[in-house]
Amino acid sequence: MLKKRLNLFSSQQEALSKLESILLQDSLQHTLILSGKSGSGKSTAVQEFLNGFQGPIRGYTTVRHRSAGGNRLAFQHILLPLAAAPAELTLEYPDQLPADLDYFLYRDGEKVDFDRSAFLRLADYMSLEQTYQYEAPDLMLWDEVGGEELLINRFFETLCYWLDKNDKPAQIIVWKKQGHRSKLRLAHLTAAEIDLLDRRRQQVLHHPAVKLHDLDSDGSEIL
């Protein structure tokens, strides 16, 4: 169980109203993790905050593509600032999903394809060299983190580098909770991989630079 004290938000609206003051107050000392159950609105709250953010941003957000019947579901990274922040984080289609997009996860019924190479590219994009190649960012966004991608060494090491670094931009991490449904999606992992994933999740959550803010009012689910 997570022992670090959480700051609970009762709604997405409360998270949005307080996110700016939290960022300004804590960004010099902390990396902010905004956690919540799937569909709780954590990414939407961050997206609304970014719409009014004036400084340069480095990072990525995640767009969900799904068919109307729910049989097909895919996730795509949008790199910031290379691409404009999407107006919608969930896009729905009558039947087939667009075939010309780079998805890092694609689920069609019971079949799931997870592209680990997408997170190797993210690790390069979020590296120190590429981050400061042009304009130094005021904010770094990781949307989202907490799943199987933490098993990819280069991605995990890049994330830890920015957690450990003292002189860094403000950071927001949108955190993926591991509820019952999420754990079922990880059933293909070995026992050793599941153990490593759990240890790496705890390493991030217990990092001294991290301050947690939770979007779920009950706070009962293990992060």
# chains A, B, ... in the order shown; residues from 1 in each chain; ligands from 1
call {"tool": "select_by_dssp", "arguments": {"residues": "stretch 125-202 of chain A", "states": "strand (DSSP E or B)", "output": "ChimeraX atom specification"}}
result
/A:139-145,170-176
call {"tool": "write_last_selection", "arguments": {"atoms": "N, CA and C atoms", "output": "tab-separated table (two decimals), in the first residue's frame"}}
result
chain	number	residue	atom	x	y	z
A	139	LEU	N	7.80	23.66	-18.78
A	139	LEU	CA	7.00	22.56	-18.26
A	139	LEU	C	7.26	21.30	-19.07
A	140	MET	N	7.40	20.16	-18.38
A	140	MET	CA	7.48	18.86	-19.04
A	140	MET	C	6.24	18.06	-18.66
A	141	LEU	N	5.62	17.45	-19.66
A	141	LEU	CA	4.39	16.68	-19.45
A	141	LEU	C	4.61	15.23	-19.85
A	142	TRP	N	4.25	14.32	-18.93
A	142	TRP	CA	4.28	12.87	-19.19
A	142	TRP	C	2.84	12.37	-19.05
A	143	ASP	N	2.15	12.19	-20.16
A	143	ASP	CA	0.74	11.79	-20.12
A	143	ASP	C	0.51	10.59	-21.05
A	144	GLU	N	0.54	9.36	-20.55
A	144	GLU	CA	0.52	9.01	-19.15
A	144	GLU	C	1.61	7.99	-18.85
A	145	VAL	N	1.76	7.66	-17.55
A	145	VAL	CA	2.81	6.76	-17.08
A	145	VAL	C	2.20	5.83	-16.03
A	170	ALA	N	9.43	22.49	-14.42
A	170	ALA	CA	8.30	21.90	-13.72
A	170	ALA	C	7.84	20.67	-14.49
A	171	GLN	N	7.32	19.68	-13.76
A	171	GLN	CA	6.87	18.45	-14.41
A	171	GLN	C	5.48	18.05	-13.92
A	172	ILE	N	4.67	17.56	-14.84
A	172	ILE	CA	3.39	16.93	-14.49
A	172	ILE	C	3.39	15.54	-15.09
A	173	ILE	N	3.11	14.55	-14.25
A	173	ILE	CA	2.95	13.17	-14.70
A	173	ILE	C	1.50	12.77	-14.49
A	174	VAL	N	0.84	12.35	-15.56
A	174	VAL	CA	-0.50	11.78	-15.44
A	174	VAL	C	-0.32	10.29	-15.18
A	175	TRP	N	-0.79	9.84	-14.02
A	175	TRP	CA	-0.47	8.50	-13.52
A	175	TRP	C	-1.61	7.52	-13.75
A	176	LYS	N	-1.25	6.35	-14.23
A	176	LYS	CA	-2.22	5.30	-14.52
A	176	LYS	C	-2.37	4.38	-13.31
call {"tool": "closest_atom_pairs", "arguments": {"of": "stretch 10-121 of chain A", "to": "stretch 210-213 of chain A", "cutoff": "8 Å", "atoms": "only C-alpha atoms", "output": "Markdown table"}}
result
| residue | atom | partner | partner_atom | distance |
| --- | --- | --- | --- | --- |
| A:His30 | CA | A:Val210 | CA | 5.3 |
| A:Thr31 | CA | A:Val210 | CA | 4.7 |
| A:Leu32 | CA | A:Lys211 | CA | 5.1 |
| A:Ile33 | CA | A:Leu212 | CA | 4.9 |
| A:Leu34 | CA | A:His213 | CA | 5.0 |
| A:Ser35 | CA | A:His213 | CA | 6.3 |
call {"tool": "closest_residue", "arguments": {"among": "A:Arg201, A:His206, A:His65, A:Arg58", "to": "A:Leu101", "atoms": "only C-alpha atoms"}}
result
A:His65
call {"tool": "atom_distance", "arguments": {"atom1": "atom CA of A:Asp124", "atom2": "atom CA of A:Glu149"}}
result
14.0 Å
call {"tool": "residues_around", "arguments": {"residues": "A:Thr90", "least_positions_apart": "6", "cutoff": "12 Å", "atoms": "only C-alpha atoms", "output": "PyMOL selection string"}}
result
chain A and resi 39+41+43-44+61-68+73-76
call {"tool": "select_by_dssp", "arguments": {"residues": "stretch 45-205 of chain A", "states": "helix (DSSP H, G or I)", "output": "mmCIF file with C-alpha atoms, in the first residue's frame"}}
result
data_model
loop_
_atom_site.group_PDB
_atom_site.id
_atom_site.type_symbol
_atom_site.label_atom_id
_atom_site.label_comp_id
_atom_site.auth_asym_id
_atom_site.auth_seq_id
_atom_site.Cartn_x
_atom_site.Cartn_y
_atom_site.Cartn_z
ATOM 1 C CA ALA A 45 -7.953 18.502 -16.521
ATOM 2 C CA VAL A 46 -4.295 18.753 -17.552
ATOM 3 C CA GLN A 47 -5.291 19.526 -21.144
ATOM 4 C CA GLU A 48 -7.507 22.400 -20.004
ATOM 5 C CA PHE A 49 -4.641 23.709 -17.901
ATOM 6 C CA LEU A 50 -2.276 23.556 -20.888
ATOM 7 C CA ASN A 51 -4.692 25.612 -22.984
ATOM 8 C CA SER A 117 9.497 0.727 -29.680
ATOM 9 C CA ALA A 118 7.123 3.698 -29.345
ATOM 10 C CA PHE A 119 8.419 4.218 -25.810
ATOM 11 C CA LEU A 120 12.022 3.956 -26.950
ATOM 12 C CA ARG A 121 11.265 6.875 -29.261
ATOM 13 C CA LEU A 122 9.648 8.705 -26.342
ATOM 14 C CA ALA A 123 12.741 8.121 -24.223
ATOM 15 C CA ASP A 124 14.862 9.746 -26.927
ATOM 16 C CA TYR A 125 12.411 12.631 -27.291
ATOM 17 C CA LEU A 128 18.287 15.822 -21.884
ATOM 18 C CA GLU A 129 19.925 16.340 -25.278
ATOM 19 C CA GLN A 130 16.699 16.643 -27.249
ATOM 20 C CA THR A 131 14.835 18.558 -24.536
ATOM 21 C CA GLU A 148 3.834 -1.746 -19.015
ATOM 22 C CA GLU A 149 6.036 1.023 -20.429
ATOM 23 C CA LEU A 150 7.895 1.128 -17.090
ATOM 24 C CA LEU A 151 9.397 -2.251 -18.005
ATOM 25 C CA ASN A 153 14.602 0.230 -19.369
ATOM 26 C CA ARG A 154 15.474 3.272 -21.456
ATOM 27 C CA PHE A 155 12.091 4.894 -20.845
ATOM 28 C CA PHE A 156 12.211 4.184 -17.101
ATOM 29 C CA GLU A 157 15.792 5.447 -16.828
ATOM 30 C CA THR A 158 14.875 8.670 -18.659
ATOM 31 C CA LEU A 159 11.946 9.260 -16.308
ATOM 32 C CA CYS A 160 14.155 8.622 -13.264
ATOM 33 C CA TYR A 161 16.805 10.978 -14.632
ATOM 34 C CA TRP A 162 14.309 13.855 -14.627
ATOM 35 C CA LEU A 163 12.994 12.889 -11.197
ATOM 36 C CA ASP A 164 16.530 12.928 -9.769
ATOM 37 C CA HIS A 180 -8.638 -4.852 -11.466
ATOM 38 C CA ARG A 181 -9.208 -4.310 -15.202
ATOM 39 C CA SER A 182 -5.706 -2.923 -15.686
ATOM 40 C CA LYS A 183 -4.192 -5.940 -13.971
ATOM 41 C CA LEU A 184 -6.126 -8.262 -16.276
ATOM 42 C CA ARG A 185 -4.520 -6.500 -19.257
ATOM 43 C CA ALA A 191 5.670 -13.167 -12.553
ATOM 44 C CA ALA A 192 9.149 -11.604 -12.654
ATOM 45 C CA GLU A 193 7.945 -8.813 -14.962
ATOM 46 C CA ILE A 194 4.930 -8.079 -12.769
ATOM 47 C CA ASP A 195 7.194 -7.898 -9.722
ATOM 48 C CA LEU A 196 9.595 -5.550 -11.529
ATOM 49 C CA LEU A 197 6.715 -3.367 -12.704
ATOM 50 C CA ASP A 198 5.374 -3.085 -9.160
ATOM 51 C CA ARG A 199 8.808 -2.165 -7.784
ATOM 52 C CA ARG A 200 9.337 0.476 -10.456
ATOM 53 C CA ARG A 201 5.891 1.958 -9.848
ATOM 54 C CA GLN A 202 6.662 2.235 -6.152
ATOM 55 C CA GLN A 203 10.064 3.759 -6.913
ATOM 56 C CA VAL A 204 8.404 6.554 -8.889
ATOM 57 C CA LEU A 205 5.582 7.135 -6.422
#
call {"tool": "closest_residue", "arguments": {"among": "A:Leu97, A:Leu105, A:Ala209, A:Leu189", "to": "A:His77", "atoms": "only C-alpha atoms"}}
result
A:Leu105
call {"tool": "closest_residue", "arguments": {"among": "A:Lys37, A:Tyr60, A:Pro81, A:Ala136", "to": "A:Pro169", "atoms": "only C-alpha atoms"}}
result
A:Ala136
call {"tool": "atom_distance", "arguments": {"atom1": "atom CA of A:His207", "atom2": "atom CA of A:Pro137"}}
result
22.3 Å
call {"tool": "atom_distance", "arguments": {"atom1": "atom CA of A:Gly109", "atom2": "atom CA of A:His188"}}
result
15.5 Å
call {"tool": "closest_residue", "arguments": {"among": "A:Leu89, A:Gln133, A:Gly147, A:Pro98", "to": "A:Arg116", "atoms": "only C-alpha atoms"}}
result
A:Gly147
